[in-house]
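For reference, work_21.pdb is printed below; it contains PDB, C-alpha atoms, pLDDT in the B column.
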```
ATOM      1  CA  MET A 733      -5.559  -4.214  -7.364  1.00 38.00           C
ATOM      2  CA  GLY A 734      -3.789  -1.686  -5.189  1.00 41.00           C
ATOM      3  CA  THR A 735      -2.384  -1.000  -1.753  1.00 47.00           C
ATOM      4  CA  PHE A 736      -4.569  -0.366   1.274  1.00 50.00           C
ATOM      5  CA  HIS A 737      -3.867   0.569   4.890  1.00 58.00           C
ATOM      6  CA  HIS A 738      -6.209  -0.211   7.732  1.00 61.00           C
ATOM      7  CA  GLY A 739      -6.631   1.225  11.218  1.00 65.00           C
ATOM      8  CA  LYS A 740      -5.596   4.786  10.462  1.00 71.00           C
ATOM      9  CA  GLY A 741      -9.024   6.402  10.355  1.00 75.00           C
ATOM     10  CA  ASP A 742     -11.507   7.485   7.722  1.00 84.00           C
ATOM     11  CA  LEU A 743      -9.351  10.309   6.380  1.00 89.00           C
ATOM     12  CA  HIS A 744      -6.225   8.218   5.938  1.00 89.00           C
ATOM     13  CA  GLY A 745      -4.816   8.774   2.464  1.00 90.00           C
ATOM     14  CA  ILE A 746      -7.214  11.627   1.694  1.00 94.00           C
ATOM     15  CA  THR A 747      -5.928  15.088   0.759  1.00 97.00           C
ATOM     16  CA  VAL A 748      -7.379  17.424   3.360  1.00 97.00           C
ATOM     17  CA  VAL A 749      -7.523  21.086   4.270  1.00 98.00           C
ATOM     18  CA  VAL A 750      -6.675  21.732   7.911  1.00 98.00           C
ATOM     19  CA  ASP A 751      -7.835  25.248   8.680  1.00 98.00           C
ATOM     20  CA  THR A 752      -6.925  27.237  11.760  1.00 97.00           C
ATOM     21  CA  SER A 753      -8.556  30.213  13.419  1.00 94.00           C
ATOM     22  CA  GLY A 754      -5.536  32.302  12.453  1.00 96.00           C
ATOM     23  CA  SER A 755      -3.907  33.081   9.129  1.00 97.00           C
ATOM     24  CA  ILE A 756      -2.435  29.603   8.566  1.00 98.00           C
ATOM     25  CA  VAL A 757      -4.016  26.840   6.503  1.00 98.00           C
ATOM     26  CA  TYR A 758      -2.502  23.425   5.748  1.00 98.00           C
ATOM     27  CA  VAL A 759      -3.131  21.131   2.783  1.00 98.00           C
ATOM     28  CA  GLY A 760      -1.733  17.625   2.749  1.00 98.00           C
ATOM     29  CA  ARG A 761      -2.468  13.936   2.671  1.00 96.00           C
ATOM     30  CA  CYS A 762      -3.924  12.908   6.016  1.00 96.00           C
ATOM     31  CA  ASP A 763      -1.978  10.085   7.589  1.00 95.00           C
ATOM     32  CA  THR A 764      -3.795   9.820  10.885  1.00 93.00           C
ATOM     33  CA  ILE A 765      -5.200  11.813  13.788  1.00 92.00           C
ATOM     34  CA  THR A 766      -3.388  11.163  17.055  1.00 91.00           C
ATOM     35  CA  PRO A 767      -3.550  12.684  20.547  1.00 91.00           C
ATOM     36  CA  GLN A 768      -0.754  14.995  19.389  1.00 91.00           C
ATOM     37  CA  GLY A 769      -2.684  16.343  16.425  1.00 95.00           C
ATOM     38  CA  VAL A 770      -3.459  15.855  12.757  1.00 97.00           C
ATOM     39  CA  ILE A 771      -0.543  14.265  10.922  1.00 97.00           C
ATOM     40  CA  LEU A 772      -0.204  15.328   7.283  1.00 98.00           C
ATOM     41  CA  LEU A 773       2.185  13.943   4.685  1.00 97.00           C
ATOM     42  CA  ASP A 774       3.440  15.742   1.579  1.00 96.00           C
ATOM     43  CA  ALA A 775       1.951  18.956   2.913  1.00 98.00           C
ATOM     44  CA  ASP A 776       1.911  22.626   2.051  1.00 98.00           C
ATOM     45  CA  VAL A 777       1.456  25.412   4.589  1.00 97.00           C
ATOM     46  CA  HIS A 778      -0.006  28.748   3.583  1.00 97.00           C
ATOM     47  CA  ASP A 779       0.143  31.901   5.674  1.00 97.00           C
ATOM     48  CA  ALA A 780      -2.416  34.429   4.488  1.00 96.00           C
ATOM     49  CA  SER A 781      -0.625  37.199   6.407  1.00 94.00           C
ATOM     50  CA  ALA A 782       2.736  36.673   4.721  1.00 89.00           C
ATOM     51  CA  PRO A 783       3.797  38.158   1.373  1.00 88.00           C
ATOM     52  CA  GLY A 784       3.060  35.825  -1.546  1.00 84.00           C
ATOM     53  CA  ALA A 785       5.146  35.220  -4.650  1.00 82.00           C
ATOM     54  CA  GLN A 786       3.871  38.488  -6.150  1.00 84.00           C
ATOM     55  CA  GLY A 787       4.580  40.437  -2.967  1.00 88.00           C
ATOM     56  CA  ALA A 788       1.052  40.908  -1.649  1.00 91.00           C
ATOM     57  CA  PRO A 789      -0.463  38.407   0.787  1.00 93.00           C
ATOM     58  CA  VAL A 790      -2.723  35.739  -0.740  1.00 95.00           C
ATOM     59  CA  SER A 791      -6.002  35.147   1.099  1.00 96.00           C
ATOM     60  CA  LYS A 792      -6.944  31.684   2.333  1.00 97.00           C
ATOM     61  CA  GLU A 793      -9.855  31.706  -0.104  1.00 97.00           C
ATOM     62  CA  ALA A 794      -7.642  32.444  -3.109  1.00 97.00           C
ATOM     63  CA  TYR A 795      -5.054  29.894  -2.025  1.00 97.00           C
ATOM     64  CA  LEU A 796      -7.694  27.182  -1.518  1.00 98.00           C
ATOM     65  CA  LYS A 797      -9.397  27.990  -4.824  1.00 97.00           C
ATOM     66  CA  ARG A 798      -6.150  27.283  -6.650  1.00 96.00           C
ATOM     67  CA  ALA A 799      -5.420  24.239  -4.476  1.00 97.00           C
ATOM     68  CA  ALA A 800      -8.864  22.808  -5.238  1.00 97.00           C
ATOM     69  CA  ALA A 801      -8.266  23.158  -8.977  1.00 96.00           C
ATOM     70  CA  TRP A 802      -4.685  21.939  -9.218  1.00 96.00           C
ATOM     71  CA  GLY A 803      -3.461  20.577  -5.889  1.00 97.00           C
ATOM     72  CA  VAL A 804      -0.463  21.888  -3.977  1.00 97.00           C
ATOM     73  CA  PHE A 805       3.288  21.631  -4.211  1.00 97.00           C
ATOM     74  CA  LYS A 806       4.687  19.656  -1.290  1.00 96.00           C
ATOM     75  CA  ARG A 807       6.846  21.744   1.009  1.00 96.00           C
ATOM     76  CA  HIS A 808       7.009  19.352   3.975  1.00 98.00           C
ATOM     77  CA  ASP A 809       7.249  15.572   4.068  1.00 97.00           C
ATOM     78  CA  ARG A 810       5.400  15.470   7.398  1.00 97.00           C
ATOM     79  CA  VAL A 811       3.565  18.064   9.469  1.00 98.00           C
ATOM     80  CA  VAL A 812       1.826  17.665  12.822  1.00 97.00           C
ATOM     81  CA  VAL A 813      -0.910  20.232  13.368  1.00 97.00           C
ATOM     82  CA  PRO A 814      -1.683  20.405  17.104  1.00 97.00           C
ATOM     83  CA  HIS A 815      -5.354  19.954  17.967  1.00 95.00           C
ATOM     84  CA  ALA A 816      -5.360  23.354  19.678  1.00 96.00           C
ATOM     85  CA  ASP A 817      -4.634  24.968  16.316  1.00 96.00           C
ATOM     86  CA  VAL A 818      -7.245  23.044  14.305  1.00 97.00           C
ATOM     87  CA  ALA A 819     -10.475  24.844  13.424  1.00 97.00           C
ATOM     88  CA  SER A 820     -11.648  22.331  10.809  1.00 96.00           C
ATOM     89  CA  VAL A 821     -10.531  19.349   8.748  1.00 96.00           C
ATOM     90  CA  ARG A 822     -12.213  18.623   5.414  1.00 96.00           C
ATOM     91  CA  PRO A 823     -11.299  16.880   2.189  1.00 96.00           C
ATOM     92  CA  LEU A 824      -9.820  19.191  -0.437  1.00 97.00           C
ATOM     93  CA  GLY A 825     -11.968  17.429  -3.019  1.00 94.00           C
ATOM     94  CA  GLU A 826     -15.094  18.882  -1.377  1.00 93.00           C
ATOM     95  CA  LEU A 827     -13.910  22.370  -2.297  1.00 92.00           C
ATOM     96  CA  ALA A 828     -13.508  21.401  -5.928  1.00 79.00           C
ATOM     97  CA  SER A 829     -17.021  20.026  -6.372  1.00 64.00           C
TER
ATOM     98  CA  MET B 871      11.521   2.754  -4.076  1.00 71.00           C
ATOM     99  CA  PRO B 872       9.698   1.019  -6.919  1.00 80.00           C
ATOM    100  CA  TYR B 873       7.544  -2.003  -6.115  1.00 86.00           C
ATOM    101  CA  ASP B 874       8.300  -5.452  -7.454  1.00 89.00           C
ATOM    102  CA  PRO B 875       7.476  -5.343 -11.185  1.00 91.00           C
ATOM    103  CA  ILE B 876       5.570  -8.606 -10.870  1.00 92.00           C
ATOM    104  CA  LEU B 877       3.182  -7.027  -8.349  1.00 91.00           C
ATOM    105  CA  VAL B 878       2.705  -3.948 -10.501  1.00 94.00           C
ATOM    106  CA  GLN B 879       2.116  -5.721 -13.814  1.00 96.00           C
ATOM    107  CA  PRO B 880      -1.649  -6.244 -13.270  1.00 95.00           C
ATOM    108  CA  MET B 881      -1.985  -2.507 -12.576  1.00 96.00           C
ATOM    109  CA  ARG B 882      -0.313  -1.799 -15.912  1.00 96.00           C
ATOM    110  CA  ASP B 883      -2.385  -4.442 -17.700  1.00 96.00           C
ATOM    111  CA  GLU B 884      -5.637  -2.891 -16.500  1.00 96.00           C
ATOM    112  CA  LEU B 885      -4.885   0.057 -18.797  1.00 97.00           C
ATOM    113  CA  THR B 886      -2.893  -1.538 -21.609  1.00 97.00           C
ATOM    114  CA  ARG B 887      -5.694  -3.999 -22.309  1.00 97.00           C
ATOM    115  CA  LEU B 888      -7.809  -0.935 -23.158  1.00 96.00           C
ATOM    116  CA  GLY B 889      -5.248   0.049 -25.767  1.00 96.00           C
ATOM    117  CA  VAL B 890      -3.521   2.589 -23.521  1.00 98.00           C
ATOM    118  CA  GLU B 891       0.123   3.028 -24.541  1.00 98.00           C
ATOM    119  CA  GLU B 892       2.708   2.752 -21.787  1.00 98.00           C
ATOM    120  CA  LEU B 893       5.340   5.488 -21.879  1.00 98.00           C
ATOM    121  CA  LEU B 894       8.429   4.055 -20.255  1.00 97.00           C
ATOM    122  CA  ASP B 895      11.066   6.737 -20.797  1.00 98.00           C
ATOM    123  CA  ALA B 896      11.459  10.459 -21.405  1.00 98.00           C
ATOM    124  CA  ASP B 897      11.819  10.153 -25.163  1.00 98.00           C
ATOM    125  CA  ALA B 898       8.565   8.233 -25.413  1.00 98.00           C
ATOM    126  CA  VAL B 899       6.796  10.936 -23.390  1.00 98.00           C
ATOM    127  CA  ASP B 900       8.154  13.749 -25.547  1.00 98.00           C
ATOM    128  CA  ALA B 901       7.194  11.960 -28.738  1.00 98.00           C
ATOM    129  CA  PHE B 902       3.700  11.303 -27.390  1.00 98.00           C
ATOM    130  CA  VAL B 903       3.054  14.867 -26.228  1.00 98.00           C
ATOM    131  CA  LYS B 904       4.316  16.256 -29.542  1.00 97.00           C
ATOM    132  CA  ARG B 905       1.788  14.253 -31.544  1.00 97.00           C
ATOM    133  CA  PRO B 906      -0.901  16.477 -33.008  1.00 97.00           C
ATOM    134  CA  GLY B 907      -4.422  16.167 -31.681  1.00 97.00           C
ATOM    135  CA  THR B 908      -5.900  15.348 -28.303  1.00 98.00           C
ATOM    136  CA  LYS B 909      -4.138  13.125 -25.806  1.00 98.00           C
ATOM    137  CA  LEU B 910      -5.086  11.652 -22.456  1.00 98.00           C
ATOM    138  CA  ILE B 911      -2.179  10.937 -20.119  1.00 98.00           C
ATOM    139  CA  VAL B 912      -2.959   8.814 -17.064  1.00 98.00           C
ATOM    140  CA  VAL B 913      -0.487   8.992 -14.197  1.00 98.00           C
ATOM    141  CA  ASN B 914      -0.921   5.479 -12.852  1.00 97.00           C
ATOM    142  CA  SER B 915      -0.140   4.550  -9.254  1.00 95.00           C
ATOM    143  CA  VAL B 916      -0.046   1.579  -6.884  1.00 93.00           C
ATOM    144  CA  CYS B 917      -2.347   3.329  -4.401  1.00 86.00           C
ATOM    145  CA  GLY B 918      -5.849   2.239  -3.571  1.00 84.00           C
ATOM    146  CA  CYS B 919      -7.533   5.182  -5.257  1.00 84.00           C
ATOM    147  CA  ALA B 920      -5.875   4.265  -8.549  1.00 86.00           C
ATOM    148  CA  ALA B 921      -7.200   0.735  -8.208  1.00 86.00           C
ATOM    149  CA  GLY B 922     -10.655   1.594  -6.973  1.00 90.00           C
ATOM    150  CA  MET B 923     -11.369   4.790  -8.832  1.00 94.00           C
ATOM    151  CA  ALA B 924      -8.860   6.102 -11.374  1.00 96.00           C
ATOM    152  CA  ARG B 925      -8.316   3.066 -13.588  1.00 97.00           C
ATOM    153  CA  PRO B 926     -12.004   2.041 -13.531  1.00 97.00           C
ATOM    154  CA  ALA B 927     -12.936   5.648 -14.367  1.00 97.00           C
ATOM    155  CA  VAL B 928     -10.610   5.672 -17.378  1.00 98.00           C
ATOM    156  CA  THR B 929     -12.094   2.336 -18.453  1.00 97.00           C
ATOM    157  CA  LEU B 930     -15.607   3.781 -18.319  1.00 97.00           C
ATOM    158  CA  ALA B 931     -14.721   7.079 -19.967  1.00 98.00           C
ATOM    159  CA  LEU B 932     -12.992   5.429 -22.913  1.00 98.00           C
ATOM    160  CA  ARG B 933     -16.290   3.743 -23.820  1.00 97.00           C
ATOM    161  CA  HIS B 934     -17.667   7.178 -24.707  1.00 98.00           C
ATOM    162  CA  ALA B 935     -18.128   7.899 -28.408  1.00 97.00           C
ATOM    163  CA  VAL B 936     -16.043  11.073 -28.217  1.00 98.00           C
ATOM    164  CA  ARG B 937     -12.569  10.318 -26.936  1.00 97.00           C
ATOM    165  CA  PRO B 938      -9.022  11.598 -27.269  1.00 98.00           C
ATOM    166  CA  ASP B 939      -6.996  10.771 -30.370  1.00 98.00           C
ATOM    167  CA  HIS B 940      -4.310   9.116 -28.273  1.00 98.00           C
ATOM    168  CA  VAL B 941      -4.226   7.653 -24.757  1.00 98.00           C
ATOM    169  CA  ALA B 942      -1.119   6.804 -22.745  1.00 98.00           C
ATOM    170  CA  SER B 943       0.042   6.241 -19.192  1.00 98.00           C
ATOM    171  CA  VAL B 944       3.120   6.775 -17.089  1.00 98.00           C
ATOM    172  CA  PHE B 945       3.529   4.907 -13.822  1.00 97.00           C
ATOM    173  CA  ALA B 946       4.431   7.102 -10.833  1.00 96.00           C
ATOM    174  CA  GLY B 947       6.935   5.520  -8.481  1.00 94.00           C
ATOM    175  CA  GLN B 948       7.809   2.911 -11.097  1.00 95.00           C
ATOM    176  CA  ASP B 949       8.776   4.578 -14.354  1.00 96.00           C
ATOM    177  CA  LEU B 950      10.459   7.531 -12.714  1.00 96.00           C
ATOM    178  CA  GLU B 951      12.032   9.148 -15.770  1.00 97.00           C
ATOM    179  CA  ALA B 952       8.856   8.977 -17.817  1.00 98.00           C
ATOM    180  CA  THR B 953       6.724  10.364 -14.986  1.00 98.00           C
ATOM    181  CA  ALA B 954       9.118  13.240 -14.334  1.00 98.00           C
ATOM    182  CA  LYS B 955       9.195  14.076 -18.039  1.00 98.00           C
ATOM    183  CA  ALA B 956       5.406  14.039 -18.304  1.00 98.00           C
ATOM    184  CA  ARG B 957       5.139  16.378 -15.329  1.00 97.00           C
ATOM    185  CA  SER B 958       7.832  18.637 -16.768  1.00 98.00           C
ATOM    186  CA  TRP B 959       5.554  19.521 -19.673  1.00 98.00           C
ATOM    187  CA  PHE B 960       3.167  21.169 -17.201  1.00 97.00           C
ATOM    188  CA  PRO B 961       5.428  22.693 -14.540  1.00 96.00           C
ATOM    189  CA  ASP B 962       2.695  24.804 -12.946  1.00 96.00           C
ATOM    190  CA  VAL B 963       0.734  21.671 -12.044  1.00 97.00           C
ATOM    191  CA  PRO B 964       1.763  20.119  -8.710  1.00 97.00           C
ATOM    192  CA  PRO B 965       2.802  16.456  -8.895  1.00 96.00           C
ATOM    193  CA  SER B 966      -0.157  14.217  -8.131  1.00 95.00           C
ATOM    194  CA  SER B 967      -0.724  10.505  -8.518  1.00 95.00           C
ATOM    195  CA  PRO B 968      -2.946   9.112  -9.653  1.00 96.00           C
ATOM    196  CA  SER B 969      -3.965  11.970 -11.897  1.00 97.00           C
ATOM    197  CA  ILE B 970      -5.177  12.463 -15.441  1.00 98.00           C
ATOM    198  CA  PHE B 971      -4.144  15.084 -18.012  1.00 98.00           C
ATOM    199  CA  LEU B 972      -6.072  15.959 -21.154  1.00 98.00           C
ATOM    200  CA  VAL B 973      -3.830  17.705 -23.651  1.00 98.00           C
ATOM    201  CA  LYS B 974      -4.750  19.315 -26.954  1.00 97.00           C
ATOM    202  CA  ASP B 975      -1.664  19.584 -29.156  1.00 95.00           C
ATOM    203  CA  GLN B 976       0.704  20.616 -26.339  1.00 95.00           C
ATOM    204  CA  GLU B 977      -1.735  22.633 -24.257  1.00 97.00           C
ATOM    205  CA  LEU B 978      -3.205  21.260 -21.040  1.00 98.00           C
ATOM    206  CA  VAL B 979      -6.980  21.628 -21.374  1.00 98.00           C
ATOM    207  CA  ALA B 980      -8.249  19.566 -18.435  1.00 97.00           C
ATOM    208  CA  PHE B 981      -6.744  17.988 -15.355  1.00 97.00           C
ATOM    209  CA  VAL B 982      -8.049  15.586 -12.736  1.00 97.00           C
ATOM    210  CA  PRO B 983      -5.759  15.711  -9.705  1.00 97.00           C
ATOM    211  CA  ARG B 984      -5.571  13.019  -7.056  1.00 96.00           C
ATOM    212  CA  HIS B 985      -7.864  14.883  -4.668  1.00 96.00           C
ATOM    213  CA  ARG B 986     -10.608  14.790  -7.336  1.00 96.00           C
ATOM    214  CA  ILE B 987     -10.201  11.012  -7.460  1.00 96.00           C
ATOM    215  CA  GLU B 988     -10.042  10.215  -3.739  1.00 93.00           C
ATOM    216  CA  ASN B 989     -13.323   9.424  -2.023  1.00 88.00           C
ATOM    217  CA  ARG B 990     -15.331   9.470  -5.269  1.00 93.00           C
ATOM    218  CA  ASP B 991     -16.788   6.657  -7.307  1.00 95.00           C
ATOM    219  CA  ALA B 992     -15.428   5.707 -10.705  1.00 97.00           C
ATOM    220  CA  ALA B 993     -18.624   6.764 -12.507  1.00 97.00           C
ATOM    221  CA  SER B 994     -18.397  10.317 -11.163  1.00 97.00           C
ATOM    222  CA  ILE B 995     -14.782  10.664 -12.258  1.00 97.00           C
ATOM    223  CA  ALA B 996     -15.634   9.144 -15.636  1.00 98.00           C
ATOM    224  CA  PHE B 997     -18.420  11.714 -15.997  1.00 97.00           C
ATOM    225  CA  ASP B 998     -15.875  14.510 -15.494  1.00 97.00           C
ATOM    226  CA  LEU B 999     -13.631  12.926 -18.116  1.00 98.00           C
ATOM    227  CA  VAL B1000     -16.464  12.527 -20.591  1.00 98.00           C
ATOM    228  CA  GLU B1001     -17.420  16.180 -20.146  1.00 98.00           C
ATOM    229  CA  ALA B1002     -13.828  17.120 -20.926  1.00 98.00           C
ATOM    230  CA  PHE B1003     -13.790  14.805 -23.972  1.00 98.00           C
ATOM    231  CA  ASP B1004     -16.970  16.410 -25.286  1.00 98.00           C
ATOM    232  CA  ALA B1005     -15.545  19.892 -24.722  1.00 98.00           C
ATOM    233  CA  HIS B1006     -12.130  19.317 -26.259  1.00 98.00           C
ATOM    234  CA  CYS B1007     -12.084  16.157 -28.376  1.00 97.00           C
ATOM    235  CA  ALA B1008     -15.156  16.515 -30.568  1.00 92.00           C
ATOM    236  CA  ALA B1009     -14.253  16.901 -34.237  1.00 74.00           C
TER
END
```

Just give me the structure of the file as structure tokens.
Amino acid sequence: MGTFHHGKGDLHGITVVVDTSGSIVYVGRCDTITPQGVILLDADVHDASAPGAQGAPVSKEAYLKRAAAWGVFKRHDRVVVPHADVASVRPLGELAS
Amino acid sequence: MPYDPILVQPMRDELTRLGVEELLDADAVDAFVKRPGTKLIVVNSVCGCAAGMARPAVTLALRHAVRPDHVASVFAGQDLEATAKARSWFPDVPPSSPSIFLVKDQELVAFVPRHRIENRDAASIAFDLVEAFDAHCAA
């Protein structure tokens, strides 16, 4: 027994990685994909060109390796990633397997 | 906002009928985590992946001959204090529900986050749990 939501697409409710062609990568729970873009809930945004907690930038690969093992801390309730920025969308769970 | 307790009760029962202890407040969580030995903590949830995958996976895994000394659950979104306390023991782990912690004494030795539950079948998740039981719970 649980809750289900219909009509929001195959990735609805799935934690996904939305990669861009630039230094930004998003991880969050996919709500839906609309004409405006990919809508993520409870999302984190990582900028591989910005200084990390230890000072040095953290690569996308290193960030996603940790995300795949542990998940991410939510920094935004809702994020819309415009289609023009999206290079790929894939389930985070695929990186962990 | 928590769901109606009547609606949630079957989701609790699915685990308690296996002998899983329900931890309903912070003191119960602390006492559980401080027990010696190996402990499985299931972060239960009303979501579909808890219903379709997480709880059935725990059911399957607990049939394995090697299993944790103690098994308990907290219910995310329902038992807020207990869930927050359970997460506070492992502050480097992002909140995730459903999710499953395997703890040896007070050290986290294995973790199945929500994204390792989504889109998988219960048997695959149970296999991961059984591997962790064999690695950490064998006498």

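Counting all atoms listed in the file and comparing B:Val928, B:Gln976, B:Val916, B:Gln879, the residue that lies closest to Gly947 of chain B is B:Val916.
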
(Q) Residues of chain A were defined as contacting chain B if any atom lay at most 12 Å from it, counting all atoms listed in the file; please report them as a PyMOL selection string. (A) chain A and resi 733-738+742-749+759-762+774-776+798-807+822-829

Q. When you draw a straight line from atom CA of Ala996 of chain B to atom CA of Ile970 of chain B, how long is it in Å?
A. 11.0 Å

**Q.** d(atom CA of Asp998 of chain B, atom CA of Lys909 of chain B) in Å
**A.** 15.7 Å

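Taking all atoms listed in the file into account, Glu793 of chain A lies nearest to A:Ala780 out of the set A:Ile765, A:Asp817, A:Val770, A:Ala780.
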